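Data from run10.pdb: PDB, C-alpha atoms, pLDDT in the B column
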```
MODEL        1
ATOM      1  CA  PRO M 103     119.546  80.132  97.724  1.00 36.00           C
ATOM      2  CA  ILE M 104     119.494  83.913  97.427  1.00 38.00           C
ATOM      3  CA  PRO M 105     116.613  85.005  95.170  1.00 45.00           C
ATOM      4  CA  VAL M 106     117.586  86.670  91.936  1.00 45.00           C
ATOM      5  CA  LEU M 107     115.518  89.309  90.229  1.00 49.00           C
ATOM      6  CA  SER M 108     116.212  90.553  86.746  1.00 48.00           C
ATOM      7  CA  SER M 109     114.338  93.367  85.048  1.00 41.00           C
ATOM      8  CA  SER M 110     116.114  93.303  81.719  1.00 39.00           C
ATOM      9  CA  SER M 111     115.048  95.769  79.067  1.00 39.00           C
ATOM     10  CA  SER M 112     113.661  92.971  76.898  1.00 44.00           C
ATOM     11  CA  SER M 113     109.955  93.193  76.226  1.00 49.00           C
ATOM     12  CA  SER M 114     107.447  90.445  76.826  1.00 56.00           C
ATOM     13  CA  GLY M 115     105.624  91.682  73.730  1.00 65.00           C
ATOM     14  CA  GLN M 116     102.554  92.446  75.865  1.00 85.00           C
ATOM     15  CA  PRO M 117     101.284  96.010  75.391  1.00 92.00           C
ATOM     16  CA  VAL M 118     100.508  98.056  78.492  1.00 94.00           C
ATOM     17  CA  ASP M 119      96.838  99.018  78.545  1.00 94.00           C
ATOM     18  CA  VAL M 120      94.240 100.019  81.125  1.00 94.00           C
ATOM     19  CA  SER M 121      93.753  96.384  82.130  1.00 90.00           C
ATOM     20  CA  ASN M 122      97.328  95.834  83.313  1.00 87.00           C
ATOM     21  CA  ALA M 123      98.859  99.273  83.908  1.00 90.00           C
ATOM     22  CA  ARG M 124      99.841 100.097  87.493  1.00 86.00           C
ATOM     23  CA  PRO M 125     102.245 102.489  89.226  1.00 85.00           C
ATOM     24  CA  GLY M 126     105.675 100.939  89.724  1.00 79.00           C
ATOM     25  CA  GLN M 127     105.421  98.715  86.649  1.00 83.00           C
ATOM     26  CA  LYS M 128     108.586  98.486  84.539  1.00 83.00           C
ATOM     27  CA  VAL M 129     108.197  99.056  80.817  1.00 89.00           C
ATOM     28  CA  VAL M 130     110.044  99.557  77.540  1.00 89.00           C
ATOM     29  CA  ARG M 131     109.118 101.265  74.302  1.00 91.00           C
ATOM     30  CA  GLY M 132     106.340  99.447  72.444  1.00 91.00           C
ATOM     31  CA  GLN M 133     105.349  98.840  68.855  1.00 89.00           C
ATOM     32  CA  ASP M 134     103.406 102.107  68.506  1.00 94.00           C
ATOM     33  CA  TRP M 135     106.231 104.315  69.825  1.00 94.00           C
ATOM     34  CA  ASP M 136     106.640 107.153  67.352  1.00 90.00           C
ATOM     35  CA  TRP M 137     108.380 109.809  69.446  1.00 88.00           C
ATOM     36  CA  GLY M 138     111.901 109.211  68.152  1.00 86.00           C
ATOM     37  CA  ASP M 139     115.069 108.451  70.151  1.00 86.00           C
ATOM     38  CA  GLU M 140     115.772 111.885  71.613  1.00 80.00           C
ATOM     39  CA  LEU M 141     113.478 111.468  74.628  1.00 78.00           C
ATOM     40  CA  VAL M 142     113.935 107.723  75.113  1.00 84.00           C
ATOM     41  CA  GLY M 143     116.500 105.547  73.353  1.00 82.00           C
ATOM     42  CA  PRO M 144     115.837 101.983  72.171  1.00 79.00           C
ATOM     43  CA  GLY M 145     116.038  99.520  75.063  1.00 77.00           C
ATOM     44  CA  ALA M 146     115.605 102.188  77.750  1.00 83.00           C
ATOM     45  CA  LEU M 147     113.820 101.009  80.884  1.00 83.00           C
ATOM     46  CA  GLY M 148     110.934 103.045  82.310  1.00 88.00           C
ATOM     47  CA  ILE M 149     108.790 102.984  85.447  1.00 87.00           C
ATOM     48  CA  ILE M 150     105.128 103.970  85.455  1.00 91.00           C
ATOM     49  CA  LEU M 151     104.541 106.732  88.014  1.00 90.00           C
ATOM     50  CA  LYS M 152     100.864 107.475  87.451  1.00 93.00           C
ATOM     51  CA  VAL M 153      98.007 105.997  85.407  1.00 95.00           C
ATOM     52  CA  ASP M 154      95.103 108.009  83.970  1.00 97.00           C
ATOM     53  CA  TYR M 155      92.622 105.256  83.190  1.00 96.00           C
ATOM     54  CA  ARG M 156      89.990 107.623  81.798  1.00 96.00           C
ATOM     55  CA  ARG M 157      92.363 109.220  79.298  1.00 96.00           C
ATOM     56  CA  GLN M 158      94.202 105.937  78.679  1.00 97.00           C
ATOM     57  CA  CYS M 159      97.605 107.427  79.370  1.00 97.00           C
ATOM     58  CA  ALA M 160     100.444 106.772  81.813  1.00 97.00           C
ATOM     59  CA  LEU M 161     103.217 108.999  83.160  1.00 96.00           C
ATOM     60  CA  VAL M 162     106.563 107.196  82.834  1.00 94.00           C
ATOM     61  CA  ARG M 163     109.998 108.016  84.258  1.00 89.00           C
ATOM     62  CA  TRP M 164     112.808 106.752  82.025  1.00 89.00           C
ATOM     63  CA  GLU M 165     116.208 105.558  83.202  1.00 79.00           C
ATOM     64  CA  PRO M 166     118.950 106.544  83.619  1.00 71.00           C
ATOM     65  CA  GLU M 167     118.341 110.275  83.105  1.00 74.00           C
ATOM     66  CA  GLY M 168     115.029 110.371  84.963  1.00 80.00           C
ATOM     67  CA  THR M 169     113.207 111.974  82.023  1.00 87.00           C
ATOM     68  CA  LYS M 170     109.418 111.885  82.373  1.00 91.00           C
ATOM     69  CA  GLY M 171     106.858 111.603  79.609  1.00 93.00           C
ATOM     70  CA  THR M 172     103.227 110.683  78.962  1.00 95.00           C
ATOM     71  CA  CYS M 173     102.623 107.453  77.049  1.00 96.00           C
ATOM     72  CA  ARG M 174      99.478 106.126  75.420  1.00 97.00           C
ATOM     73  CA  ILE M 175      98.054 102.902  76.828  1.00 97.00           C
ATOM     74  CA  GLY M 176      95.128 102.552  74.466  1.00 96.00           C
ATOM     75  CA  LYS M 177      94.386 106.169  73.586  1.00 95.00           C
ATOM     76  CA  ASP M 178      93.499 106.455  69.893  1.00 95.00           C
ATOM     77  CA  GLY M 179      94.150 102.716  69.646  1.00 95.00           C
ATOM     78  CA  LYS M 180      97.879 103.248  70.322  1.00 95.00           C
ATOM     79  CA  HIS M 181     100.160 101.546  72.857  1.00 96.00           C
ATOM     80  CA  ASP M 182     103.515 103.273  73.348  1.00 96.00           C
ATOM     81  CA  ILE M 183     104.901 100.918  75.987  1.00 95.00           C
ATOM     82  CA  GLU M 184     105.183  97.205  76.669  1.00 92.00           C
ATOM     83  CA  VAL M 185     105.546  95.082  79.799  1.00 86.00           C
ATOM     84  CA  VAL M 186     109.078  94.051  80.775  1.00 82.00           C
ATOM     85  CA  VAL M 187     109.892  90.431  81.556  1.00 75.00           C
ATOM     86  CA  CYS M 188     111.077  90.070  85.163  1.00 80.00           C
ATOM     87  CA  ARG M 189     112.171  86.852  86.830  1.00 84.00           C
ATOM     88  CA  TYR M 190     112.494  85.861  90.463  1.00 89.00           C
ATOM     89  CA  SER M 191     114.345  82.788  91.689  1.00 89.00           C
ATOM     90  CA  ALA M 192     112.218  80.321  93.619  1.00 92.00           C
ATOM     91  CA  PHE M 193     112.807  79.719  97.317  1.00 91.00           C
ATOM     92  CA  VAL M 194     110.935  77.860 100.030  1.00 92.00           C
ATOM     93  CA  GLY M 195     108.251  80.137 101.506  1.00 93.00           C
ATOM     94  CA  LEU M 196     107.829  82.320  98.409  1.00 94.00           C
ATOM     95  CA  ARG M 197     104.187  83.248  97.738  1.00 95.00           C
ATOM     96  CA  VAL M 198     103.091  82.516  94.165  1.00 96.00           C
ATOM     97  CA  CYS M 199     100.087  82.519  91.859  1.00 95.00           C
ATOM     98  CA  ARG M 200      99.385  81.101  88.407  1.00 94.00           C
ATOM     99  CA  SER M 201     101.197  82.768  85.534  1.00 90.00           C
ATOM    100  CA  GLU M 202      99.635  83.616  82.195  1.00 83.00           C
ATOM    101  CA  THR M 203     101.256  80.458  80.788  1.00 85.00           C
ATOM    102  CA  TRP M 204      99.810  78.101  83.422  1.00 91.00           C
ATOM    103  CA  GLY M 205      99.123  74.846  81.587  1.00 85.00           C
ATOM    104  CA  TRP M 206      97.088  72.768  84.033  1.00 87.00           C
ATOM    105  CA  GLY M 207      93.576  74.177  83.767  1.00 86.00           C
ATOM    106  CA  ASP M 208      91.189  75.158  86.577  1.00 87.00           C
ATOM    107  CA  ALA M 209      90.316  71.769  88.022  1.00 84.00           C
ATOM    108  CA  VAL M 210      92.871  71.916  90.837  1.00 80.00           C
ATOM    109  CA  VAL M 211      93.895  75.581  90.979  1.00 89.00           C
ATOM    110  CA  VAL M 212      91.523  78.301  89.811  1.00 88.00           C
ATOM    111  CA  SER M 213      92.750  81.592  88.411  1.00 86.00           C
ATOM    112  CA  GLY M 214      93.664  84.058  91.160  1.00 87.00           C
ATOM    113  CA  SER M 215      94.538  81.382  93.722  1.00 92.00           C
ATOM    114  CA  LEU M 216      97.541  81.971  95.978  1.00 96.00           C
ATOM    115  CA  GLY M 217     100.002  79.387  97.169  1.00 96.00           C
ATOM    116  CA  LYS M 218     103.354  78.960  98.868  1.00 96.00           C
ATOM    117  CA  ILE M 219     106.401  77.056  97.643  1.00 96.00           C
ATOM    118  CA  GLU M 220     107.190  74.145  99.973  1.00 96.00           C
ATOM    119  CA  ARG M 221     110.034  72.528  98.041  1.00 95.00           C
ATOM    120  CA  VAL M 222     112.390  73.552  95.236  1.00 93.00           C
ATOM    121  CA  LEU M 223     113.477  70.521  93.202  1.00 89.00           C
ATOM    122  CA  ASP M 224     116.555  70.021  91.049  1.00 80.00           C
ATOM    123  CA  ASN M 225     114.566  69.271  87.899  1.00 80.00           C
ATOM    124  CA  GLN M 226     113.341  72.877  87.600  1.00 91.00           C
ATOM    125  CA  THR M 227     110.046  72.241  89.328  1.00 94.00           C
ATOM    126  CA  VAL M 228     108.612  73.233  92.712  1.00 96.00           C
ATOM    127  CA  LEU M 229     106.019  71.798  95.062  1.00 96.00           C
ATOM    128  CA  VAL M 230     103.303  74.372  95.874  1.00 97.00           C
ATOM    129  CA  ARG M 231     100.635  74.194  98.557  1.00 96.00           C
ATOM    130  CA  TRP M 232      97.557  76.204  97.498  1.00 96.00           C
ATOM    131  CA  ASP M 233      95.567  78.261 100.016  1.00 93.00           C
ATOM    132  CA  CYS M 234      92.166  77.627  98.448  1.00 84.00           C
ATOM    133  CA  SER M 235      92.109  73.873  99.007  1.00 83.00           C
ATOM    134  CA  GLY M 236      95.305  72.882 100.759  1.00 88.00           C
ATOM    135  CA  THR M 237      96.118  70.849  97.653  1.00 91.00           C
ATOM    136  CA  ARG M 238      99.748  70.364  96.688  1.00 94.00           C
ATOM    137  CA  THR M 239     100.776  70.483  93.052  1.00 94.00           C
ATOM    138  CA  SER M 240     103.978  70.637  91.075  1.00 93.00           C
ATOM    139  CA  GLY M 241     104.790  73.743  89.065  1.00 94.00           C
ATOM    140  CA  TYR M 242     107.298  74.195  86.257  1.00 94.00           C
ATOM    141  CA  ILE M 243     109.892  76.920  86.799  1.00 93.00           C
ATOM    142  CA  GLY M 244     111.930  76.322  83.671  1.00 89.00           C
ATOM    143  CA  LYS M 245     111.416  72.628  82.961  1.00 90.00           C
ATOM    144  CA  ASP M 246     110.862  72.043  79.239  1.00 89.00           C
ATOM    145  CA  GLY M 247     110.933  75.819  78.828  1.00 86.00           C
ATOM    146  CA  LYS M 248     107.703  76.226  80.796  1.00 90.00           C
ATOM    147  CA  PHE M 249     106.978  78.682  83.605  1.00 91.00           C
ATOM    148  CA  ASP M 250     103.752  78.091  85.539  1.00 95.00           C
ATOM    149  CA  LEU M 251     104.117  80.597  88.371  1.00 95.00           C
ATOM    150  CA  LYS M 252     104.604  84.289  89.059  1.00 92.00           C
ATOM    151  CA  THR M 253     104.842  86.511  92.117  1.00 93.00           C
ATOM    152  CA  PRO M 254     101.476  87.978  93.187  1.00 92.00           C
ATOM    153  CA  PRO M 255     100.901  91.584  94.287  1.00 87.00           C
ATOM    154  CA  ASN M 256     101.062  92.590  97.940  1.00 89.00           C
ATOM    155  CA  THR M 257     103.405  89.874  99.219  1.00 93.00           C
ATOM    156  CA  THR M 258     104.632  91.567 102.385  1.00 95.00           C
ATOM    157  CA  VAL M 259     108.229  91.021 103.464  1.00 95.00           C
ATOM    158  CA  ASP M 260     108.150  89.985 107.121  1.00 94.00           C
ATOM    159  CA  ALA M 261     110.572  88.257 109.476  1.00 93.00           C
ATOM    160  CA  SER M 262     109.656  84.833 108.099  1.00 91.00           C
ATOM    161  CA  ILE M 263     111.174  85.516 104.660  1.00 92.00           C
ATOM    162  CA  ALA M 264     113.506  88.489 105.203  1.00 93.00           C
ATOM    163  CA  SER M 265     117.080  87.418 104.447  1.00 91.00           C
ATOM    164  CA  VAL M 266     120.317  88.932 103.217  1.00 92.00           C
ATOM    165  CA  GLY M 267     120.241  89.157  99.422  1.00 89.00           C
ATOM    166  CA  LEU M 268     116.446  89.170  99.126  1.00 91.00           C
ATOM    167  CA  LYS M 269     115.235  91.478  96.338  1.00 90.00           C
ATOM    168  CA  VAL M 270     112.429  93.805  97.425  1.00 93.00           C
ATOM    169  CA  CYS M 271     110.460  96.889  96.470  1.00 92.00           C
ATOM    170  CA  ARG M 272     108.399  99.343  98.485  1.00 93.00           C
ATOM    171  CA  CYS M 273     104.853  98.352  99.363  1.00 92.00           C
ATOM    172  CA  ASP M 274     101.643 100.396  99.404  1.00 88.00           C
ATOM    173  CA  ALA M 275     102.193 101.282 103.071  1.00 92.00           C
ATOM    174  CA  TRP M 276     105.544 102.970 102.321  1.00 94.00           C
ATOM    175  CA  GLU M 277     105.717 106.294 104.180  1.00 93.00           C
ATOM    176  CA  TRP M 278     109.134 107.655 103.219  1.00 92.00           C
ATOM    177  CA  GLY M 279     108.522 109.467  99.936  1.00 88.00           C
ATOM    178  CA  ASP M 280     110.261 108.996  96.587  1.00 85.00           C
ATOM    179  CA  ASP M 281     113.722 110.380  97.345  1.00 84.00           C
ATOM    180  CA  ILE M 282     115.040 107.140  98.825  1.00 86.00           C
ATOM    181  CA  ALA M 283     113.080 104.676  96.704  1.00 87.00           C
ATOM    182  CA  ALA M 284     110.828 105.632  93.807  1.00 80.00           C
ATOM    183  CA  PRO M 285     107.790 103.493  92.928  1.00 80.00           C
ATOM    184  CA  GLY M 286     109.016 100.323  91.236  1.00 78.00           C
ATOM    185  CA  ALA M 287     112.623 100.716  92.406  1.00 83.00           C
ATOM    186  CA  ILE M 288     114.313  97.455  93.388  1.00 87.00           C
ATOM    187  CA  GLY M 289     116.395  97.069  96.517  1.00 91.00           C
ATOM    188  CA  GLU M 290     118.467  94.319  98.121  1.00 92.00           C
ATOM    189  CA  ILE M 291     118.483  93.462 101.807  1.00 95.00           C
ATOM    190  CA  LEU M 292     121.978  93.861 103.250  1.00 96.00           C
ATOM    191  CA  GLN M 293     121.286  93.254 106.953  1.00 96.00           C
ATOM    192  CA  VAL M 294     118.481  91.748 109.011  1.00 96.00           C
ATOM    193  CA  ASP M 295     117.816  92.679 112.638  1.00 96.00           C
ATOM    194  CA  GLY M 296     115.185  90.198 113.749  1.00 92.00           C
ATOM    195  CA  GLU M 297     115.039  91.568 117.296  1.00 93.00           C
ATOM    196  CA  LYS M 298     114.257  95.118 116.170  1.00 95.00           C
ATOM    197  CA  GLN M 299     112.238  93.840 113.182  1.00 96.00           C
ATOM    198  CA  ILE M 300     114.035  96.017 110.671  1.00 97.00           C
ATOM    199  CA  VAL M 301     116.294  95.433 107.679  1.00 97.00           C
ATOM    200  CA  ILE M 302     118.861  97.567 105.869  1.00 97.00           C
ATOM    201  CA  VAL M 303     118.144  97.862 102.162  1.00 97.00           C
ATOM    202  CA  GLN M 304     120.359  99.189  99.393  1.00 95.00           C
ATOM    203  CA  TRP M 305     118.307 100.658  96.534  1.00 92.00           C
ATOM    204  CA  GLU M 306     119.056 100.960  92.818  1.00 81.00           C
ATOM    205  CA  SER M 307     119.915 104.601  93.429  1.00 79.00           C
ATOM    206  CA  GLY M 308     122.773 103.505  95.708  1.00 86.00           C
ATOM    207  CA  MET M 309     121.040 104.881  98.794  1.00 90.00           C
ATOM    208  CA  LYS M 310     120.543 102.743 101.894  1.00 95.00           C
ATOM    209  CA  SER M 311     117.626 102.853 104.315  1.00 96.00           C
ATOM    210  CA  ALA M 312     116.250 101.035 107.338  1.00 97.00           C
ATOM    211  CA  CYS M 313     112.890  99.395 106.577  1.00 97.00           C
ATOM    212  CA  ARG M 314     110.340  97.826 108.899  1.00 97.00           C
ATOM    213  CA  ILE M 315     109.426  94.146 108.685  1.00 97.00           C
ATOM    214  CA  GLY M 316     106.934  94.204 111.549  1.00 96.00           C
ATOM    215  CA  ARG M 317     108.315  96.877 113.850  1.00 95.00           C
ATOM    216  CA  ASP M 318     105.426  98.741 115.505  1.00 95.00           C
ATOM    217  CA  GLY M 319     103.115  96.650 113.358  1.00 95.00           C
ATOM    218  CA  LYS M 320     104.435  98.330 110.176  1.00 96.00           C
ATOM    219  CA  TYR M 321     105.786  96.817 106.970  1.00 97.00           C
ATOM    220  CA  ASP M 322     107.611  98.839 104.319  1.00 97.00           C
ATOM    221  CA  LEU M 323     108.508  96.185 101.758  1.00 97.00           C
ATOM    222  CA  GLN M 324     107.047  93.604  99.425  1.00 95.00           C
ATOM    223  CA  ILE M 325     108.290  91.031  96.932  1.00 93.00           C
ATOM    224  CA  PRO M 326     108.289  92.619  93.443  1.00 90.00           C
ATOM    225  CA  PRO M 327     104.992  91.561  91.821  1.00 88.00           C
ATOM    226  CA  ASP M 328     104.325  90.004  88.416  1.00 84.00           C
ATOM    227  CA  CYS M 329     107.742  88.355  88.102  1.00 87.00           C
ATOM    228  CA  ILE M 330     108.047  84.950  86.454  1.00 88.00           C
ATOM    229  CA  VAL M 331     109.262  82.447  89.065  1.00 92.00           C
ATOM    230  CA  THR M 332     112.356  80.610  87.819  1.00 89.00           C
ATOM    231  CA  TRP M 333     114.819  77.986  89.004  1.00 83.00           C
ATOM    232  CA  LYS M 334     118.036  79.760  90.014  1.00 71.00           C
ATOM    233  CA  ALA M 335     119.020  81.913  87.036  1.00 48.00           C
ATOM    234  CA  ALA M 336     116.856  80.258  84.412  1.00 40.00           C
ATOM    235  CA  PRO M 337     116.024  82.659  81.550  1.00 40.00           C
ATOM    236  CA  PRO M 338     112.534  84.135  81.342  1.00 39.00           C
ATOM    237  CA  PRO M 339     110.142  82.628  78.799  1.00 39.00           C
ATOM    238  CA  THR M 340     110.347  83.743  75.203  1.00 39.00           C
ATOM    239  CA  PRO M 341     106.987  85.179  74.125  1.00 36.00           C
ATOM    240  CA  SER M 342     105.225  83.368  71.289  1.00 35.00           C
ATOM    241  CA  MET M 343     104.624  85.381  68.162  1.00 30.00           C
TER     242      MET M 343
ENDMDL
END
```
Step by step, read the file and then write its structure as structure tokens.
Amino acid sequence: PIPVLSSSSSSSGQPVDVSNARPGQKVVRGQDWDWGDELVGPGALGIILKVDYRRQCALVRWEPEGTKGTCRIGKDGKHDIEVVVCRYSAFVGLRVCRSETWGWGDAVVVSGSLGKIERVLDNQTVLVRWDCSGTRTSGYIGKDGKFDLKTPPNTTVDASIASVGLKVCRCDAWEWGDDIAAPGAIGEILQVDGEKQIVIVQWESGMKSACRIGRDGKYDLQIPPDCIVTWKAAPPPTPSM
């Protein structure tokens, strides 16, 4: 199945602070927002461009106008922005890690472990093989409203997973500037040329570009990180209050 990624403008309720802020992260206005609606309207989606960890601030570009503004991520005890819930449909070969709602403890899979989905089952679960031990476990991807897995950072898109319809973003090795694809922008693979080891990607901006998936030893793309892994179009988890 073609993976689906949704970055709706609904908040997870988790404030952005120095412990989780990173360039490319998608955000919405948070509980301490007190800058009115003129700069950023309710429900507007933003992308963090730069993080000043010492000053506890982040530079955010807001859609769709592209307005930029500095937001507090702990400065003076205030948090202007919150993390957005993203979801990514499971497929065989997808790299995963434990989500914040992992419910199985550390006995089999310790925090930070990476694994790969080997099977996607019809009952909204997957079979994952974990790198650390080679152990296979089940993971919930919507069953009983539970979501055990998320996409880890730095999952490079190579020829083994590149496919038409795959949702991608630029990786740290991206060399083509921000005009085609800004940090955090999502694209969709339209064509795959396995022989030349390139793909054609259409970005949120509407622009298209050729991206490397191994050509000359270079990789331009990754799977969007920190997305809840779901079964087909299962809704993201509702945060507990």
For this session: Pull out every residue that the PyMOL selection byres ((chain M and resi 250) around 9) matches in the shown coordinates and put them as number ranges by chain.
Result: M: 199-206, 241-244, 248-249, 251-252, 330-331
For this session: Kindly resolve the PyMOL selection byres ((chain M and resi 152) around 6) on the present coordinates and return the residues as number ranges by chain.
Result: M: 125, 150-151, 153, 160-161
Exercise. Excluding same-chain residues fewer than 2 positions from Gly132 of chain M, what lies within 6 Å of it counting only C-alpha atoms, as a list in words?
Worked result: Asp134, Trp135, Asp182, Ile183 and Glu184 of chain M
Selected residues, C-alpha atoms, written as a compact mmCIF listing (two decimals), in the coordinates of the input, please.
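Output (out00.txt):
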```txt
# COMPACT_ATOMS: atom_id res chain seq x y z
CA ASP M 134 103.41 102.11 68.51
CA TRP M 135 106.23 104.32 69.82
CA ASP M 182 103.52 103.27 73.35
CA ILE M 183 104.90 100.92 75.99
CA GLU M 184 105.18 97.20 76.67
```
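Put simply, atom CA of Arg272 of chain M is 8.4 Å away from atom CA of Pro326 of chain M.
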Problem set entry | Point-to-point distance in Å for atom CA of Val194 of chain M and atom CA of Arg221 of chain M |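 Going from atom CA of Arg221 of chain M over to atom CA of Val194 of chain M, I get 5.8 Å.
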Exercise. If the PyMOL selection byres ((chain M and resi 118) around 7) is run on the structure shown, which residues does it catch, given as a PyMOL selection string?
Worked result: chain M and resi 116-117+119+122-123+175+181+183-185
For this session: Considering all atoms listed in the file, state which residue in the set M:Glu220, M:Val120, M:Trp232, M:Val212 is at the smallest distance from Gly179 of chain M.
Result: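 Under the stated criterion, the closest residue is M:Val120.
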For this session: Enumerate, as a list in words, the protein, DNA and RNA residues whose atoms approach (113.7, 89.2, 111.2) to within 10 Å, taking into account only C-alpha atoms and the coordinate frame of the file.
Result: Val259, Asp260, Ala261, Ser262, Ile263, Ala264, Ser265, Gln293, Val294, Asp295, Gly296, Glu297, Lys298, Gln299, Ile300, Val301, Arg314, Ile315, Gly316 and Arg317 of chain M
